[in-house]
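I have placed the structure first, in the form of structure tokens, so that the comments after it can refer back to it.
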Amino acid sequence: MQSFFSAAIIVESSSWLTAAGILGLLLLQIIFLIKKGSGSAKITMHGIENIPVKSGVIFVASQIRFDEQFALLNLPVKKILVFDLSALPCHPAQNTPLHNLIIYIQPNLGLRGIVKALKEARSIIKNNENIGVVTEWFKTSSGFEIDSFRVLKAILKKTNASVVPIHLEQPKGSNFTIRKKGVFNRNIINNETHWHLFIGKPLTTLEEAKEIKSVIQSLSVEAANIAHNDLPLVHIGFALQALRNPEKVCFPDNTNPKLNLTYGKALVAVSCLGKQLRHELKEETIVGIWLPNSTGSALTNIALGTIGKISVNLNYTASIGILEHCIKKSGVKTVITAKRFTSKVSWPDIKNIRLLYLEDIMQNISSTEKILTFLASKILTPSLFIKTILKAHQPNKDDTLTIIFSSGSTGNPKGVMLTYNNITSNVWSTIKGADVDYTDCLLGALPFFHSFGYTVSMWTPIQVGASIVYQPDPRQARDIGAACKSYQCTAYLSTATFLRFCLKKSESDDFKSLRILICGAEKLPIQLAKDFESKFGILPLEGYGCTELSPVVCINKGDITIPEGTILGQMAGSIGQIIPGVSIKIVDPDTLEILPPNHEGMVLATGANVMKGYLDDPEKTASVIIDGWYITGDMGKINFESYVTLTGRLSRFAKIGGEMVPLERLEDELHEVLQSSERVCAVTCVPDSTRGERILVLFLPSILESFGLDVKTWIKKLSSRGLPNLWVPSEKDFHPINEIAVLGSGKLDLANLKVKAMEIAMVKA
């Protein structure tokens with residue numbers, strides 16, 4: 001057997017007693033070997049009692065992960081049906097004894113090869129034997145789509161087979177990654193944590209089988225809640241990564257490569273900074289940070305988490321009124337900042353706040369202390385260093401790590417309490433969902449007061465040994481493009497607003513190295529995505545999250561082209577596929593009744609990423625979290641492949657004559673008419689005495705004129721798009737304004753928009 005297989009998997013059952021009578025039937029006790037470094041990894045099986053005693057069972061796992069295919073061999077299956085990616089390079093089972101246990105769907109053989117594989121799978125079921133299926137969403141070069149349900153439907157045809165969903169939870173992700181150039185084996189230290197194979201209840205009808213992806217997604221939440229207990233919390237995860245890979249560059253310096261900070265140096269900095277902060281802060285538990293996203297800010301956040309202090313990254317683009325609200329609400333008494341930053345963005349005169357400057361703190365750290373800390377990191381075992389030198393805080397996993405204030409787009413920001421477990425869980429779900437690893441270099445341009453910036457741009461990459469290049473101002477498109485090109489960044493998280501700056505000012509080859517570009521916080525207009533791809537050769541993809549969900553929920557991934565087809569990772573117009581460890585359901589907004597796939601309703605999400613609650617507001621918390629499900633306030637629908645499409649905010653609907661009109665959808669349609677990648681208008685509503693509410697469109701006249709249109713023509717073109725008449729505003733409801741206000745996160749400032757609309761309505765009245 002090839003060296004690819006080098007460590008035994010030990011299987012144990014969490015349901016040993018209930019399954020004892022059929023254990024011999026269920027477990028083949030096949031030893032299969034997967035390259036995981038030295039030592040053995042253990043699989044715990046959950047739900048073994050869900051396997052039907054009667055044969056003719058289809059075990060279904062989601063996505064192509066080779067480990068998952070081998071894990072299926074621990075079930076009573078005759079063969080596994082998988083896609084053959086042999087051109088990418090070869091499937092790991094090729095030229096091994098496992099080869100004869102796999103049925104390959106070979107896309108390069110066209111439809112005939114697909115049909116042949118499905119027939120062989122069906123014949124196994126008809127012979128009352130079991131089969132494992134690893135599904136994928138795929139499109140052949142001729143345009144024929146294969147999805148999970150289509151595969152199942154073909155196998156189930158004229159059979160009475162049961163479908164049993166399974167999910168393999170690997171806490172640190174798969175040993176394999178699929179990139180545009182192929183499938184690659186990567187070195188993940190998985191033997192530190194064992195795997196969990198979750199077996200769901202059988203789906204006995206074709207109608208039930210339609211929701212196989214949704215059921216598997218729910219299993220992933222159950223699995224993550226158990227498996228993530230094996231993972232170190234994020235501050236410990238960083239320390240372990242630094243002790244293993246001290247020479248790996250962690251924070252490249254975008255002003256001077258000689259100042260690049262390796263993981264080893266970053267750990268020394270965190271340890272020394274943490275010691276100083278313990279002395280300065282004493283009994284203070286909640287600490288403010290007034291810094292842009294930068295190496296210094298990241299080290300400060302990590303150090304505070306390491307010494308058990310709760311960080312509050314303050315929004316330096318907010319008004320003084322909002323800032324005072326956040327400080328008072330959180331009880332911050334000390335704010336950490338830097339003289340270099342306050343010389344550019346002055347600190348407002350807020351009473352009873354002590355400023356701690358990083359420059360002053362670092363002056364108190366001697367060279368001797370740095371050297372001794374460095375030597376200790378080389379000599380001591382990781383556990384001893386973390387305990388005696390780093391003196392890392394050992395929190396309860398549900399202790400608060402940070403308070404992030406919501407954007408305040410509709411009023412005063414709410415303080416969202418996120419725990420160590422919230423962030424750790426969402427970080428690892430994001431790592432698996434976006435396939436982040438040590439080869440990546442992240443371009444971090446979102447501020448840490450933004451939940452995406454805090455979780456994804458700071459904590460996520462340092463858990464896997466990736467590098468992060470920070471760009472403090474997301475509006476400085478030339479600098480962002482230059483940094484991406486200089487450091488060959490592979491991943492970039494942004495917003496539609498900030499991409500517009502890049503479209504105008506960045507060079508066409510600046511983003512050539514990116515493999516993924518995710519936009520969050522606001523809707524990504526299709527035209528903007530097309531224009532960006534046309535100029536830079538990388539298609540921006542939409543993702544989704546909420547501060548209250550730590551924040552990532554869904555991600556679109558890039559398509560992967562293989563011979564004769566494409567593995568589909570994105571769905572146009574959607575916010576992406578739900579990441580592992582998170583589950584979504586669509587419900588009726590009035591009754592909370594669960595709606596079937598492809599039906600529009602209110603979006604609810606659950607997982608270990610659901611916030612602890614709103615700061616000092618238990619009533620508000622109780623109103624948005626029901627039985628562990630967070631009510632997002634977004635309206636949307638989910639398809640059979642677990643891709644979610646948003647149709648609007650519940651709060652961004654106008655009720656006109658008893659009918660609900662989605663304002664965000666209308667906004668999108670107005671921009672689609674112009675095929676504009678720039679924001680030309682914003683849509684809101686005001687009270688109306690006859691119809692309940694009235695739509696107002698506030699627009700930038702200079703940009704509209706640049707398209708050679710007036711309002712009357714704009715409305716005419718809008719009407720021709722087949723929208724209901726009720727949705728189309730009249731000419732008197734279009735009003736020119738000088739600017740459209742956005743928040744520091746790039747989101748539309750809905751509160752400001754509403755105020756302007758009300759002022760206009762009052763004048764017109």
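Ordering of the structure tokens sets the chain letters (A, B, ...), residue numbers begin anew at 1 in every chain, and ligands are numbered from 1 in the order given.
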Excluding A:Phe149 and any residue of its chain fewer than 3 positions from it, enumerate the residues within 8 Å of it, using only C-alpha atoms, and give them as a PyMOL selection string. chain A and resi 152-153+209-210+212+640
Using DSSP on the backbone, list every residue of stretch 604-679 of chain A that comes out as strand (DSSP E), and give them as a ChimeraX atom specification. /A:604-607,613-614,625-626,629-638,643-649,653-656,659-662
Selection to disk with N, CA and C atoms, as an mmCIF file, in the first residue's frame:
```
data_model
loop_
_atom_site.group_PDB
_atom_site.id
_atom_site.type_symbol
_atom_site.label_atom_id
_atom_site.label_comp_id
_atom_site.auth_asym_id
_atom_site.auth_seq_id
_atom_site.Cartn_x
_atom_site.Cartn_y
_atom_site.Cartn_z
ATOM 1 N N LEU A 604 -33.425 32.058 10.091
ATOM 2 C CA LEU A 604 -32.957 31.801 11.454
ATOM 3 C C LEU A 604 -31.698 30.948 11.373
ATOM 4 N N ALA A 605 -30.761 31.174 12.282
ATOM 5 C CA ALA A 605 -29.507 30.413 12.268
ATOM 6 C C ALA A 605 -29.175 29.913 13.663
ATOM 7 N N THR A 606 -28.497 28.764 13.708
ATOM 8 C CA THR A 606 -28.070 28.210 14.994
ATOM 9 C C THR A 606 -26.682 27.600 14.862
ATOM 10 N N GLY A 607 -26.060 27.383 15.997
ATOM 11 C CA GLY A 607 -24.720 26.807 16.049
ATOM 12 C C GLY A 607 -24.014 27.340 17.282
ATOM 13 N N GLY A 613 -25.211 37.075 24.082
ATOM 14 C CA GLY A 613 -26.353 37.967 24.257
ATOM 15 C C GLY A 613 -25.952 39.414 24.076
ATOM 16 N N TYR A 614 -26.939 40.296 24.144
ATOM 17 C CA TYR A 614 -26.672 41.731 24.098
ATOM 18 C C TYR A 614 -26.275 42.217 25.492
ATOM 19 N N ILE A 625 -33.337 35.431 20.204
ATOM 20 C CA ILE A 625 -32.841 34.051 20.285
ATOM 21 C C ILE A 625 -33.944 33.171 20.860
ATOM 22 N N ILE A 626 -34.416 32.230 20.051
ATOM 23 C CA ILE A 626 -35.486 31.321 20.462
ATOM 24 C C ILE A 626 -34.976 29.887 20.372
ATOM 25 N N TRP A 629 -31.904 29.439 18.401
ATOM 26 C CA TRP A 629 -31.939 29.945 17.022
ATOM 27 C C TRP A 629 -31.979 31.470 17.039
ATOM 28 N N TYR A 630 -31.043 32.087 16.301
ATOM 29 C CA TYR A 630 -30.999 33.547 16.218
ATOM 30 C C TYR A 630 -31.859 34.023 15.052
ATOM 31 N N ILE A 631 -32.761 34.951 15.347
ATOM 32 C CA ILE A 631 -33.629 35.531 14.312
ATOM 33 C C ILE A 631 -32.852 36.654 13.632
ATOM 34 N N THR A 632 -32.429 36.424 12.403
ATOM 35 C CA THR A 632 -31.552 37.381 11.726
ATOM 36 C C THR A 632 -32.274 38.649 11.285
ATOM 37 N N GLY A 633 -33.585 38.548 11.064
ATOM 38 C CA GLY A 633 -34.315 39.694 10.528
ATOM 39 C C GLY A 633 -34.230 39.782 9.020
ATOM 40 N N ASP A 634 -33.499 38.838 8.409
ATOM 41 C CA ASP A 634 -33.401 38.795 6.951
ATOM 42 C C ASP A 634 -34.452 37.851 6.389
ATOM 43 N N MET A 635 -34.915 38.170 5.203
ATOM 44 C CA MET A 635 -35.832 37.295 4.484
ATOM 45 C C MET A 635 -35.046 36.585 3.392
ATOM 46 N N GLY A 636 -35.368 35.319 3.157
ATOM 47 C CA GLY A 636 -34.629 34.586 2.137
ATOM 48 C C GLY A 636 -35.184 33.199 1.920
ATOM 49 N N LYS A 637 -34.445 32.417 1.143
ATOM 50 C CA LYS A 637 -34.835 31.037 0.862
ATOM 51 C C LYS A 637 -33.571 30.208 0.709
ATOM 52 N N ILE A 638 -33.729 28.890 0.842
ATOM 53 C CA ILE A 638 -32.592 27.978 0.759
ATOM 54 C C ILE A 638 -32.920 26.882 -0.244
ATOM 55 N N TYR A 643 -27.603 26.364 -0.498
ATOM 56 C CA TYR A 643 -27.265 27.740 -0.857
ATOM 57 C C TYR A 643 -28.429 28.643 -0.473
ATOM 58 N N VAL A 644 -28.098 29.764 0.139
ATOM 59 C CA VAL A 644 -29.112 30.677 0.657
ATOM 60 C C VAL A 644 -29.152 31.936 -0.199
ATOM 61 N N THR A 645 -30.344 32.357 -0.547
ATOM 62 C CA THR A 645 -30.543 33.604 -1.285
ATOM 63 C C THR A 645 -31.380 34.540 -0.427
ATOM 64 N N LEU A 646 -30.863 35.742 -0.187
ATOM 65 C CA LEU A 646 -31.615 36.725 0.586
ATOM 66 C C LEU A 646 -32.526 37.525 -0.338
ATOM 67 N N THR A 647 -33.705 37.835 0.154
ATOM 68 C CA THR A 647 -34.658 38.629 -0.635
ATOM 69 C C THR A 647 -34.904 39.992 -0.010
ATOM 70 N N GLY A 648 -34.318 40.242 1.157
ATOM 71 C CA GLY A 648 -34.451 41.554 1.781
ATOM 72 C C GLY A 648 -34.433 41.464 3.291
ATOM 73 N N ARG A 649 -34.354 42.629 3.938
ATOM 74 C CA ARG A 649 -34.467 42.719 5.396
ATOM 75 C C ARG A 649 -35.928 42.841 5.743
ATOM 76 N N PHE A 653 -38.817 46.465 4.349
ATOM 77 C CA PHE A 653 -40.007 46.253 3.532
ATOM 78 C C PHE A 653 -40.954 47.422 3.771
ATOM 79 N N ALA A 654 -41.598 47.867 2.724
ATOM 80 C CA ALA A 654 -42.661 48.865 2.867
ATOM 81 C C ALA A 654 -43.996 48.141 2.774
ATOM 82 N N LYS A 655 -44.896 48.483 3.656
ATOM 83 C CA LYS A 655 -46.231 47.879 3.610
ATOM 84 C C LYS A 655 -47.178 48.876 2.954
ATOM 85 N N ILE A 656 -47.512 48.596 1.702
ATOM 86 C CA ILE A 656 -48.325 49.511 0.903
ATOM 87 C C ILE A 656 -49.646 48.839 0.565
ATOM 88 N N GLU A 659 -49.765 45.172 1.138
ATOM 89 C CA GLU A 659 -48.779 44.339 0.439
ATOM 90 C C GLU A 659 -47.366 44.714 0.872
ATOM 91 N N MET A 660 -46.494 43.691 0.986
ATOM 92 C CA MET A 660 -45.106 43.921 1.383
ATOM 93 C C MET A 660 -44.231 44.141 0.154
ATOM 94 N N VAL A 661 -43.535 45.276 0.118
ATOM 95 C CA VAL A 661 -42.657 45.611 -1.007
ATOM 96 C C VAL A 661 -41.209 45.610 -0.509
ATOM 97 N N PRO A 662 -40.330 44.746 -1.059
ATOM 98 C CA PRO A 662 -38.936 44.665 -0.600
ATOM 99 C C PRO A 662 -38.102 45.832 -1.133
#
```
Of the listed residues A:Trp428, A:Trp347, A:Phe59, A:Phe238, that which approaches A:Lys172 most closely, counting only C-alpha atoms: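 Among the listed residues, A:Trp428 lies closest to A:Lys172.
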A:Tyr420, A:Phe449, A:Phe251, A:Phe707: which is nearest A:Leu743, counting only C-alpha atoms?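 Distance minimum relative to A:Leu743 lands on A:Phe449.
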Which of A:Ile124, A:Ala466, A:Val697, A:Leu709 sits closest to A:Leu674 [using only C-alpha atoms]: A:Leu709
DSSP helix (DSSP H, G or I) selection over stretch 149-373 of chain A, as a PyMOL selection string: chain A and resi 149-156+190-192+206-209+212-230+234-244+257-259+263-281+295-306+320-330+339-342+358-363+367-373
Contacts of stretch 432-435 of chain A within 10 Å, only C-alpha atoms, excl. fewer than 6 positions in-chain, as JSON, numbers by chain: {"A": [170, 171, 172, 173, 174, 176, 177, 178, 179, 426, 491, 516, 518, 552, 553, 554, 555, 556, 557, 558, 577, 578, 579, 580, 581]}
May I have the selected residues written with C-alpha atoms, as an mmCIF file, in the first residue's frame?
```
data_model
loop_
_atom_site.group_PDB
_atom_site.id
_atom_site.type_symbol
_atom_site.label_atom_id
_atom_site.label_comp_id
_atom_site.auth_asym_id
_atom_site.auth_seq_id
_atom_site.Cartn_x
_atom_site.Cartn_y
_atom_site.Cartn_z
ATOM 1 C CA GLN A 170 -12.637 16.612 11.517
ATOM 2 C CA PRO A 171 -11.995 19.401 14.035
ATOM 3 C CA LYS A 172 -9.034 20.783 12.103
ATOM 4 C CA GLY A 173 -10.422 20.138 8.642
ATOM 5 C CA SER A 174 -9.543 17.742 5.867
ATOM 6 C CA PHE A 176 -6.881 17.458 1.417
ATOM 7 C CA THR A 177 -7.619 20.703 -0.325
ATOM 8 C CA ILE A 178 -9.091 21.314 -3.757
ATOM 9 C CA ARG A 179 -7.507 24.217 -5.582
ATOM 10 C CA ASN A 426 -16.754 30.227 14.038
ATOM 11 C CA ALA A 491 -7.625 35.744 0.138
ATOM 12 C CA ILE A 516 -10.927 33.913 -3.213
ATOM 13 C CA ILE A 518 -15.433 37.452 -0.358
ATOM 14 C CA VAL A 552 -19.763 33.974 9.407
ATOM 15 C CA VAL A 553 -22.764 31.922 8.257
ATOM 16 C CA CYS A 554 -22.504 31.412 4.480
ATOM 17 C CA ILE A 555 -19.724 31.577 1.899
ATOM 18 C CA ASN A 556 -19.649 31.263 -1.865
ATOM 19 C CA LYS A 557 -16.522 29.469 -3.070
ATOM 20 C CA GLY A 558 -14.927 29.642 -6.473
ATOM 21 C CA GLN A 577 -23.490 27.754 1.060
ATOM 22 C CA ILE A 578 -23.886 27.337 4.812
ATOM 23 C CA ILE A 579 -20.525 26.672 6.449
ATOM 24 C CA PRO A 580 -19.956 23.532 8.563
ATOM 25 C CA GLY A 581 -21.104 23.846 12.164
#
```
Could you check the closest approach to A:Ala224 for each of A:Thr262, A:Thr388, A:Gln488, A:Ser429 and tell me which residue wins, using only C-alpha atoms? A:Ser429
Write out, as a Markdown table, each residue of stretch 232-289 of chain A that has an atom at most 10 Å from stretch 440-443 of chain A, together with the closest pair of atoms and their distance in Å to one decimal, counting only C-alpha atoms, rows going by chain and rising number.
```
| residue | atom | partner | partner_atom | distance |
| --- | --- | --- | --- | --- |
| A:Val249 | CA | A:Cys441 | CA | 9.7 |
| A:Cys250 | CA | A:Cys441 | CA | 9.1 |
| A:Phe251 | CA | A:Cys441 | CA | 9.6 |
| A:Pro252 | CA | A:Cys441 | CA | 9.4 |
```
Which residues, written as a ChimeraX atom specification, have at least one atom at most 12 Å from stretch 373-381 of chain A, with only C-alpha atoms counted and residues fewer than 5 positions away on the same chain left out? /A:239-247,263-273,275,365-368,386-391
Go ahead and write the residues just picked, N, CA and C atoms, as a compact mmCIF listing (two decimals), in the first residue's frame.
```
# COMPACT_ATOMS: atom_id res chain seq x y z
N ALA A 239 -0.85 30.51 20.24
CA ALA A 239 0.41 30.19 20.92
C ALA A 239 0.98 28.86 20.43
N LEU A 240 0.13 27.85 20.30
CA LEU A 240 0.58 26.54 19.82
C LEU A 240 1.11 26.63 18.39
N GLN A 241 0.41 27.40 17.56
CA GLN A 241 0.85 27.56 16.18
C GLN A 241 2.23 28.24 16.14
N ALA A 242 2.41 29.25 16.98
CA ALA A 242 3.68 29.98 17.02
C ALA A 242 4.82 29.11 17.53
N LEU A 243 4.53 28.25 18.50
CA LEU A 243 5.57 27.38 19.05
C LEU A 243 5.97 26.29 18.06
N ARG A 244 5.03 25.89 17.20
CA ARG A 244 5.33 24.85 16.20
C ARG A 244 6.06 25.44 14.99
N ASN A 245 5.66 26.64 14.60
CA ASN A 245 6.19 27.24 13.36
C ASN A 245 6.73 28.64 13.63
N PRO A 246 7.74 28.75 14.48
CA PRO A 246 8.22 30.08 14.89
C PRO A 246 8.82 30.91 13.75
N GLU A 247 9.34 30.26 12.70
CA GLU A 247 9.98 31.00 11.62
C GLU A 247 9.01 31.43 10.52
N TYR A 263 5.87 34.17 13.45
CA TYR A 263 5.01 33.68 14.52
C TYR A 263 5.77 33.67 15.86
N GLY A 264 7.05 33.29 15.80
CA GLY A 264 7.84 33.26 17.03
C GLY A 264 7.98 34.63 17.65
N LYS A 265 8.29 35.63 16.83
CA LYS A 265 8.42 37.00 17.33
C LYS A 265 7.08 37.55 17.81
N ALA A 266 6.02 37.19 17.10
CA ALA A 266 4.68 37.65 17.50
C ALA A 266 4.31 37.09 18.87
N LEU A 267 4.68 35.84 19.12
CA LEU A 267 4.39 35.23 20.42
C LEU A 267 5.16 35.93 21.53
N VAL A 268 6.42 36.24 21.27
CA VAL A 268 7.22 36.97 22.26
C VAL A 268 6.58 38.33 22.54
N ALA A 269 6.12 39.01 21.48
CA ALA A 269 5.48 40.31 21.65
C ALA A 269 4.20 40.20 22.47
N VAL A 270 3.39 39.19 22.19
CA VAL A 270 2.14 38.99 22.94
C VAL A 270 2.44 38.70 24.41
N SER A 271 3.43 37.87 24.66
CA SER A 271 3.79 37.52 26.04
C SER A 271 4.26 38.74 26.82
N CYS A 272 5.15 39.51 26.22
CA CYS A 272 5.69 40.70 26.91
C CYS A 272 4.63 41.79 27.05
N LEU A 273 3.84 41.98 26.00
CA LEU A 273 2.77 42.99 26.05
C LEU A 273 1.73 42.60 27.09
N LYS A 275 2.15 40.89 29.79
CA LYS A 275 2.70 41.12 31.14
C LYS A 275 2.54 42.59 31.53
N ILE A 365 9.42 47.38 28.05
CA ILE A 365 9.83 45.99 27.83
C ILE A 365 11.32 45.97 27.47
N SER A 366 12.12 45.35 28.29
CA SER A 366 13.57 45.34 28.07
C SER A 366 13.98 44.30 27.04
N SER A 367 15.15 44.50 26.48
CA SER A 367 15.69 43.52 25.53
C SER A 367 15.93 42.18 26.22
N THR A 368 16.33 42.25 27.49
CA THR A 368 16.57 41.02 28.25
C THR A 368 15.30 40.19 28.36
N ILE A 386 3.24 27.88 27.82
CA ILE A 386 1.93 28.54 27.89
C ILE A 386 1.51 28.77 29.33
N LYS A 387 1.86 27.83 30.21
CA LYS A 387 1.43 27.93 31.61
C LYS A 387 2.33 28.86 32.42
N THR A 388 3.64 28.79 32.23
CA THR A 388 4.55 29.51 33.13
C THR A 388 5.06 30.84 32.57
N ILE A 389 5.23 30.94 31.27
CA ILE A 389 5.77 32.17 30.68
C ILE A 389 4.64 33.04 30.12
N LEU A 390 3.83 32.46 29.27
CA LEU A 390 2.71 33.21 28.70
C LEU A 390 1.64 33.46 29.76
N LYS A 391 1.54 32.52 30.71
CA LYS A 391 0.53 32.58 31.77
C LYS A 391 -0.86 32.83 31.18
```
I want to know what sits within 8 Å of stretch 698-704 of chain A, based on only C-alpha atoms, with residues of the same chain fewer than 6 positions away left out; could you give that as a list of chain:residue names?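 Answer for this query is A:Val680, A:Cys681, A:Ala682, A:Val683, A:Asp710, A:Phe734, A:His735, A:Pro736, A:Ile737, A:Asn738, A:Glu739, A:Ile740, A:Ala757.
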In Å to one decimal, how far is atom CA of A:Ile526 from atom CA of A:Leu541?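 One can read the atom CA of A:Leu541 to atom CA of A:Ile526 distance as 9.7 Å.
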Of the listed residues A:Leu663, A:Val234, A:Ile371, A:Ile58, that which approaches A:Pro461 most closely, counting only C-alpha atoms: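 Once distances to A:Pro461 are computed over only C-alpha atoms, the minimum belongs to A:Val234.
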